[in-house]
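For reference, coords_21.txt is printed below; it contains compact mmCIF, C-alpha atoms.
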```
# COMPACT_ATOMS: atom_id res chain seq x y z
CA ARG A 27 116.56 16.22 -85.14
CA GLN A 28 119.08 18.56 -86.76
CA ALA A 29 116.22 20.44 -88.49
CA LYS A 30 114.29 20.65 -85.22
CA ARG A 31 117.28 22.12 -83.37
CA ARG A 32 117.77 24.76 -86.07
CA VAL A 33 114.08 25.73 -86.09
CA GLU A 34 113.88 25.91 -82.29
CA LYS A 35 116.94 28.15 -82.11
CA HIS A 36 115.27 31.08 -83.86
CA PRO A 37 112.58 31.95 -81.24
CA ASN A 38 115.32 32.58 -78.67
CA ASN A 39 117.05 34.94 -81.05
CA ILE A 40 113.79 36.67 -81.92
CA LYS A 41 113.24 37.52 -78.23
CA LYS A 42 116.20 39.88 -78.44
CA LEU A 43 114.18 42.12 -80.73
CA GLN A 44 111.92 43.18 -77.83
CA HIS A 45 114.48 45.79 -76.70
CA SER A 46 115.23 47.06 -80.22
CA ASN A 47 114.07 50.05 -82.18
CA PRO A 48 110.23 50.16 -81.82
CA LEU A 49 109.77 51.41 -85.38
CA LEU A 50 111.67 48.44 -86.87
CA GLU A 51 110.48 45.79 -84.41
CA GLY A 52 107.23 44.93 -86.20
CA VAL A 53 108.85 44.62 -89.63
CA THR A 54 111.90 42.64 -88.58
CA MET A 55 109.93 40.34 -86.27
CA ARG A 56 107.66 39.40 -89.14
CA TYR A 57 110.65 38.95 -91.42
CA SER A 58 112.34 36.62 -88.89
CA THR A 59 109.10 34.67 -88.43
CA LEU A 60 108.77 34.22 -92.19
CA THR A 61 112.38 33.08 -92.31
CA GLN A 62 111.73 30.53 -89.57
CA HIS A 63 108.65 29.11 -91.30
CA PHE A 64 110.44 29.03 -94.62
CA LEU A 65 113.30 27.06 -93.06
CA ALA A 66 110.97 24.55 -91.42
CA TRP A 67 108.90 23.90 -94.55
CA SER A 68 111.94 23.78 -96.82
CA LEU A 69 113.64 21.15 -94.65
CA ALA A 70 110.44 19.17 -94.26
CA VAL A 71 109.71 19.10 -98.00
CA SER A 72 113.32 18.24 -98.89
CA LEU A 73 113.77 15.57 -96.23
CA LEU A 74 110.54 13.62 -96.68
CA PRO A 75 111.47 11.90 -99.98
CA LEU A 76 114.98 11.13 -98.72
CA LEU A 77 113.73 9.80 -95.39
CA ALA A 78 111.16 7.66 -97.19
CA LEU A 79 113.90 6.28 -99.42
CA GLY A 80 116.13 5.63 -96.41
CA TYR A 81 113.34 3.86 -94.55
CA SER A 82 112.65 1.66 -97.61
CA LEU A 83 116.33 0.82 -97.94
CA TYR A 84 116.51 0.03 -94.24
CA ASN A 85 113.61 -2.44 -94.47
CA SER A 86 115.12 -4.03 -97.58
CA ALA A 87 118.46 -4.38 -95.78
CA LEU A 88 116.86 -6.14 -92.82
CA GLU A 89 114.96 -8.56 -95.06
CA SER A 90 117.99 -9.47 -97.12
CA TRP A 91 120.59 -9.40 -94.33
CA PHE A 92 120.71 -13.14 -93.89
CA GLN A 93 119.91 -13.96 -97.52
CA GLN A 94 122.34 -11.77 -99.41
CA PRO A 95 124.95 -10.09 -97.17
CA ALA A 96 126.58 -8.25 -100.07
CA VAL A 97 123.31 -6.67 -101.15
CA ALA A 98 122.56 -5.74 -97.53
CA ALA A 99 125.93 -4.06 -97.19
CA ILE A 100 125.29 -2.10 -100.37
CA LEU A 101 121.89 -1.05 -99.07
CA LEU A 102 123.33 0.07 -95.73
CA LEU A 103 126.06 2.01 -97.47
CA THR A 104 123.43 3.66 -99.66
CA LEU A 105 121.42 4.49 -96.53
CA LEU A 106 124.41 6.15 -94.86
CA THR A 107 125.22 8.07 -98.00
CA THR A 108 121.61 9.26 -98.23
CA ALA A 109 121.67 10.40 -94.58
CA ALA A 110 124.92 12.29 -95.08
CA GLY A 111 123.57 13.94 -98.23
CA THR A 112 120.38 14.90 -96.43
CA PHE A 113 122.38 16.47 -93.60
CA LEU A 114 124.57 18.46 -95.99
CA PHE A 115 121.58 19.56 -98.04
CA GLY A 116 119.75 20.75 -94.92
CA ARG A 117 122.85 22.57 -93.71
CA ARG A 118 123.18 24.28 -97.07
CA ILE A 119 119.65 25.65 -96.69
CA ALA A 120 119.77 26.45 -92.97
CA HIS A 121 123.07 28.36 -92.92
CA PRO A 122 122.02 31.17 -95.34
CA LEU A 123 118.71 31.51 -93.53
CA LYS A 124 120.55 31.80 -90.22
CA ILE A 125 122.70 34.61 -91.65
CA LEU A 126 119.55 36.32 -92.93
CA ALA A 127 117.95 36.07 -89.47
CA HIS A 128 121.04 37.65 -87.88
CA SER A 129 120.82 40.47 -90.43
CA ALA A 130 117.19 41.07 -89.46
CA GLU A 131 118.19 41.24 -85.78
CA ALA A 132 120.96 43.73 -86.58
CA VAL A 133 118.57 46.03 -88.44
CA ALA A 134 116.03 45.73 -85.62
CA GLY A 135 118.77 46.77 -83.20
CA GLY A 136 119.23 50.06 -85.04
CA GLN A 137 122.07 49.10 -87.42
CA LEU A 138 120.28 50.37 -90.51
CA HIS A 139 123.48 50.28 -92.55
CA HIS A 140 123.71 46.49 -92.15
CA ARG A 141 122.91 44.42 -95.23
CA ALA A 142 122.47 40.68 -95.73
CA PRO A 143 125.16 39.00 -97.90
CA ILE A 144 123.96 37.77 -101.31
CA ARG A 145 125.44 34.50 -102.50
CA GLY A 146 124.15 32.96 -105.69
CA ARG A 147 120.83 33.39 -107.44
CA ASP A 148 118.61 30.91 -105.61
CA GLU A 149 115.42 31.67 -103.67
CA ILE A 150 117.32 32.47 -100.47
CA SER A 151 119.47 35.00 -102.34
CA GLN A 152 116.31 36.60 -103.71
CA LEU A 153 115.00 36.73 -100.14
CA ALA A 154 118.23 38.50 -99.09
CA VAL A 155 117.81 40.98 -101.96
CA SER A 156 114.27 41.76 -100.81
CA PHE A 157 115.48 42.16 -97.23
CA ASN A 158 118.22 44.59 -98.29
CA ARG A 159 115.66 46.63 -100.24
CA MET A 160 113.46 46.77 -97.15
CA ALA A 161 116.41 47.86 -94.99
CA GLU A 162 117.39 50.52 -97.54
CA TYR A 163 113.82 51.83 -97.60
CA LEU A 164 113.67 51.94 -93.80
CA SER A 165 117.01 53.71 -93.63
CA GLY A 166 115.92 56.36 -96.13
CA THR A 167 112.51 56.78 -94.50
CA LEU A 168 113.97 57.18 -91.03
CA GLY A 169 116.56 59.63 -92.33
CA LYS A 170 113.84 61.80 -93.87
CA LEU A 171 111.75 61.47 -90.73
CA GLU A 172 114.64 62.61 -88.55
CA GLU A 173 115.19 65.62 -90.82
CA ARG A 174 111.51 66.55 -90.61
CA ILE A 175 111.54 66.13 -86.83
CA GLU A 176 114.62 68.34 -86.54
CA GLN A 177 113.07 70.96 -88.81
CA ARG A 178 109.79 70.85 -86.90
CA THR A 179 111.67 71.11 -83.61
CA ASP A 180 113.43 74.27 -84.82
CA GLU A 181 110.10 75.74 -85.91
CA LEU A 182 108.52 74.94 -82.55
CA GLU A 183 111.45 76.46 -80.68
CA THR A 184 111.14 79.65 -82.77
CA LEU A 185 107.39 79.76 -82.17
CA ASN A 186 107.95 79.17 -78.47
CA GLU A 187 110.34 82.11 -78.29
CA GLN A 188 107.81 84.30 -80.09
CA LEU A 189 105.07 83.22 -77.66
CA LYS A 190 107.34 83.99 -74.72
CA LYS A 191 108.01 87.43 -76.17
CA VAL A 192 104.28 88.07 -76.60
CA ALA A 193 103.62 86.85 -73.06
CA ARG A 194 106.28 89.19 -71.68
CA GLU A 195 104.79 92.09 -73.61
CA GLN A 196 101.31 91.24 -72.31
CA GLU A 197 102.62 91.06 -68.76
CA GLN A 198 104.30 94.45 -69.17
CA THR A 199 101.09 95.92 -70.62
CA ALA A 200 98.99 94.43 -67.82
CA GLU A 201 101.41 95.79 -65.24
CA ALA A 202 101.31 99.24 -66.82
CA LEU A 203 97.49 99.18 -66.83
CA ARG A 204 97.45 98.09 -63.19
CA VAL A 205 99.73 100.98 -62.23
CA LYS A 206 97.57 103.45 -64.14
CA ARG A 207 94.39 102.06 -62.57
CA ASP A 208 95.87 102.33 -59.10
CA ARG A 209 96.94 105.93 -59.76
CA LEU A 210 93.45 106.74 -61.10
CA ASN A 211 91.81 105.26 -58.00
CA ILE A 212 94.11 107.30 -55.76
CA ALA A 213 93.38 110.49 -57.70
CA GLN A 214 89.62 109.85 -57.64
CA ARG A 215 89.69 109.16 -53.92
CA ILE A 216 91.50 112.42 -53.25
CA ALA A 217 89.12 114.40 -55.46
CA GLN A 218 86.08 112.35 -54.34
CA VAL A 219 85.19 111.78 -57.97
CA GLY A 220 84.05 108.41 -59.30
CA SER A 221 83.65 107.09 -62.84
CA TRP A 222 81.54 104.40 -64.44
CA GLU A 223 81.20 102.74 -67.84
CA VAL A 224 78.35 100.83 -69.43
CA ASP A 225 78.41 98.43 -72.39
CA LEU A 226 74.96 98.66 -73.99
CA ALA A 227 75.57 95.68 -76.29
CA GLU A 228 76.71 93.35 -73.52
CA GLY A 229 74.68 94.98 -70.78
CA THR A 230 77.65 95.22 -68.41
CA LEU A 231 78.32 98.05 -65.96
CA ILE A 232 81.72 98.99 -64.49
CA TRP A 233 82.23 101.24 -61.45
CA SER A 234 85.46 102.68 -60.17
CA ASP A 235 86.38 102.12 -56.53
CA GLU A 236 85.32 105.67 -55.67
CA VAL A 237 81.76 105.06 -56.96
CA PHE A 238 81.45 102.15 -54.51
CA ARG A 239 82.65 104.46 -51.71
CA ILE A 240 80.29 107.29 -52.67
CA LEU A 241 77.29 104.93 -52.82
CA GLU A 242 78.61 103.14 -49.70
CA ILE A 243 78.27 99.70 -51.33
CA ASP A 244 80.68 96.89 -50.47
CA LYS A 245 82.63 96.03 -53.62
CA LEU A 246 83.28 92.47 -52.44
CA GLN A 247 79.62 91.69 -51.73
CA SER A 248 77.80 93.41 -54.61
CA ALA A 249 78.52 93.80 -58.31
CA PRO A 250 77.76 97.05 -60.16
CA ARG A 251 74.03 97.15 -60.95
CA HIS A 252 71.83 99.97 -62.30
CA ASP A 253 68.99 99.14 -59.88
CA ALA A 254 71.39 99.43 -56.93
CA PHE A 255 72.41 102.85 -58.21
CA LEU A 256 68.77 103.97 -58.53
CA ASN A 257 67.94 102.64 -55.04
CA ALA A 258 70.69 104.85 -53.60
CA ILE A 259 69.19 108.00 -55.19
CA HIS A 260 66.74 110.09 -53.15
CA PRO A 261 63.17 109.09 -54.08
CA GLU A 262 62.33 112.66 -55.12
CA ASP A 263 65.26 112.75 -57.59
CA ARG A 264 65.13 109.14 -58.81
CA ASP A 265 62.81 109.64 -61.82
CA SER A 266 64.67 112.66 -63.17
CA VAL A 267 68.06 110.91 -62.90
CA ASP A 268 66.68 107.74 -64.55
CA GLN A 269 65.18 109.81 -67.38
CA ALA A 270 68.46 111.69 -67.92
CA CYS A 271 70.36 108.40 -68.15
CA ALA A 272 67.80 106.91 -70.56
CA ASN A 273 67.96 109.95 -72.85
CA SER A 274 71.74 109.81 -72.87
CA PHE A 275 71.71 106.12 -73.83
CA LYS A 276 69.19 106.83 -76.57
CA THR A 277 70.84 109.91 -78.09
CA HIS A 278 74.44 108.96 -77.27
CA GLN A 279 74.95 112.41 -75.84
CA PRO A 280 76.55 113.28 -72.47
CA TYR A 281 74.41 114.67 -69.67
CA GLU A 282 74.96 116.52 -66.40
CA ILE A 283 72.56 116.50 -63.48
CA ALA A 284 72.76 117.29 -59.76
CA HIS A 285 70.82 115.07 -57.37
CA ARG A 286 70.76 113.67 -53.87
CA LEU A 287 71.70 110.27 -52.43
CA LEU A 288 69.80 108.84 -49.48
CA MET A 289 71.95 106.61 -47.28
CA PRO A 290 70.49 103.72 -45.24
CA ASP A 291 71.06 105.63 -41.97
CA GLY A 292 69.12 108.71 -43.27
CA ARG A 293 72.11 110.83 -44.31
CA VAL A 294 71.78 112.78 -47.55
CA LYS A 295 74.63 113.34 -50.01
CA TYR A 296 74.63 115.88 -52.81
CA VAL A 297 76.36 114.69 -55.97
CA ASN A 298 76.75 115.89 -59.53
CA GLN A 299 77.06 113.58 -62.53
```
Output the file's structure as structure tokens, nothing else.
Amino acid sequence: RQAKRRVEKHPNNIKKLQHSNPLLEGVTMRYSTLTQHFLAWSLAVSLLPLLALGYSLYNSALESWFQQPAVAAILLLTLLTTAAGTFLFGRRIAHPLKILAHSAEAVAGGQLHHRAPIRGRDEISQLAVSFNRMAEYLSGTLGKLEERIEQRTDELETLNEQLKKVAREQEQTAEALRVKRDRLNIAQRIAQVGSWEVDLAEGTLIWSDEVFRILEIDKLQSAPRHDAFLNAIHPEDRDSVDQACANSFKTHQPYEIAHRLLMPDGRVKYVNQ
């Protein structure tokens, strides 16, 4: 019964590890479980021969109680002595294991400096030595990990500041470009001069706001297209303008041509490009 109470006490203590350091929980839980099983098997193996002897003495005492009282008394005394020795022997094993379990709980709770006391050179002392080595390894590993995390955090903070600086510079550049574009649109509107760009590799065409106004095309409803530009040209001038554009794209040379635009309502505009 004493062994059972000592074995059953450990699961309640192990539950406390659930709120401990997550990195140490798995190691210390397994260590406490191994300690519990070691305690149970050690007590069982050590008590079985003694209990068998006590049971044999008890039967012998009952058989010879009425035949030889002196022998029965000696047998009972031997039985009591055996029980007391068994209790002390079990206590001698259980107490160091209990201390070792408490040490495991302390390490799991974050007290990495805690070490299990080493008393003697028996198997339990060797188990304490192994536990202290494990705790020392965990302490050193966590210390190095914290240093690496701190170093990495500093690097990330520096990189974050650099990214913020680049973002601010990009915002300033974008704002400067927006101001210049707005000023260009105002100047082109006053002079009634538009501009366009074409990317031959990508096949993209860009018109300024004034080009949309000259061609009288809604910027929000239609994207810049070469066919829309040709459709706005007077039919009599369309082939010559298209040929001038094609030659310029082919020779990479600028061109200048005057032509007419025919609006949907029949109005004619004279432009030069």
For region 240-242 of chain A: contacts at 8 Å, only C-alpha atoms, fewer than 2 positions along chain excluded, given as a VMD selection string: chain A and resid 218 220 236 to 238 244 255 258 287 289
- line: Across A:Arg264, A:Arg286, A:Arg159, A:Arg207, the smallest distance to Asn298 (chain A), with only C-alpha atoms counted, is shown by A:Arg286
- prompt: Nearest to Gln214 (chain A) among A:Arg174, A:His139, A:Arg239, A:His128, with distances taken over only C-alpha atoms: which residue is it?
  reply: A:Arg239
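Comparing the minimum interatomic distances between Ala213 (chain A) and each of A:Ser274, A:Gln196, A:Asn158, A:Asp235, counting only C-alpha atoms, we find that A:Asp235 sits nearest.
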query: How far is it from CA of Gln137 (chain A) to CA of Gln177 (chain A), in Å with one decimal?
result: 23.7 Å
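Across the structure, CA of Arg293 (chain A) and CA of Ala272 (chain A) are spaced 26.9 Å apart.
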task: Go ahead and compute the interatomic distance for CA of Pro280 (chain A) and CA of Arg204 (chain A), in Å to one decimal.
output: 27.5 Å
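Shortest atom-to-atom contact with Ala270 (chain A) among A:Glu173, A:Gln299, A:Ala254, A:Asp225: A:Gln299, counting only C-alpha atoms.
Shortest separation to Ala134 (chain A) among A:Gln188, A:Ser234, A:Ser151, A:Ser165 occurs at residue A:Ser165, atoms counted being all atoms listed in the file.
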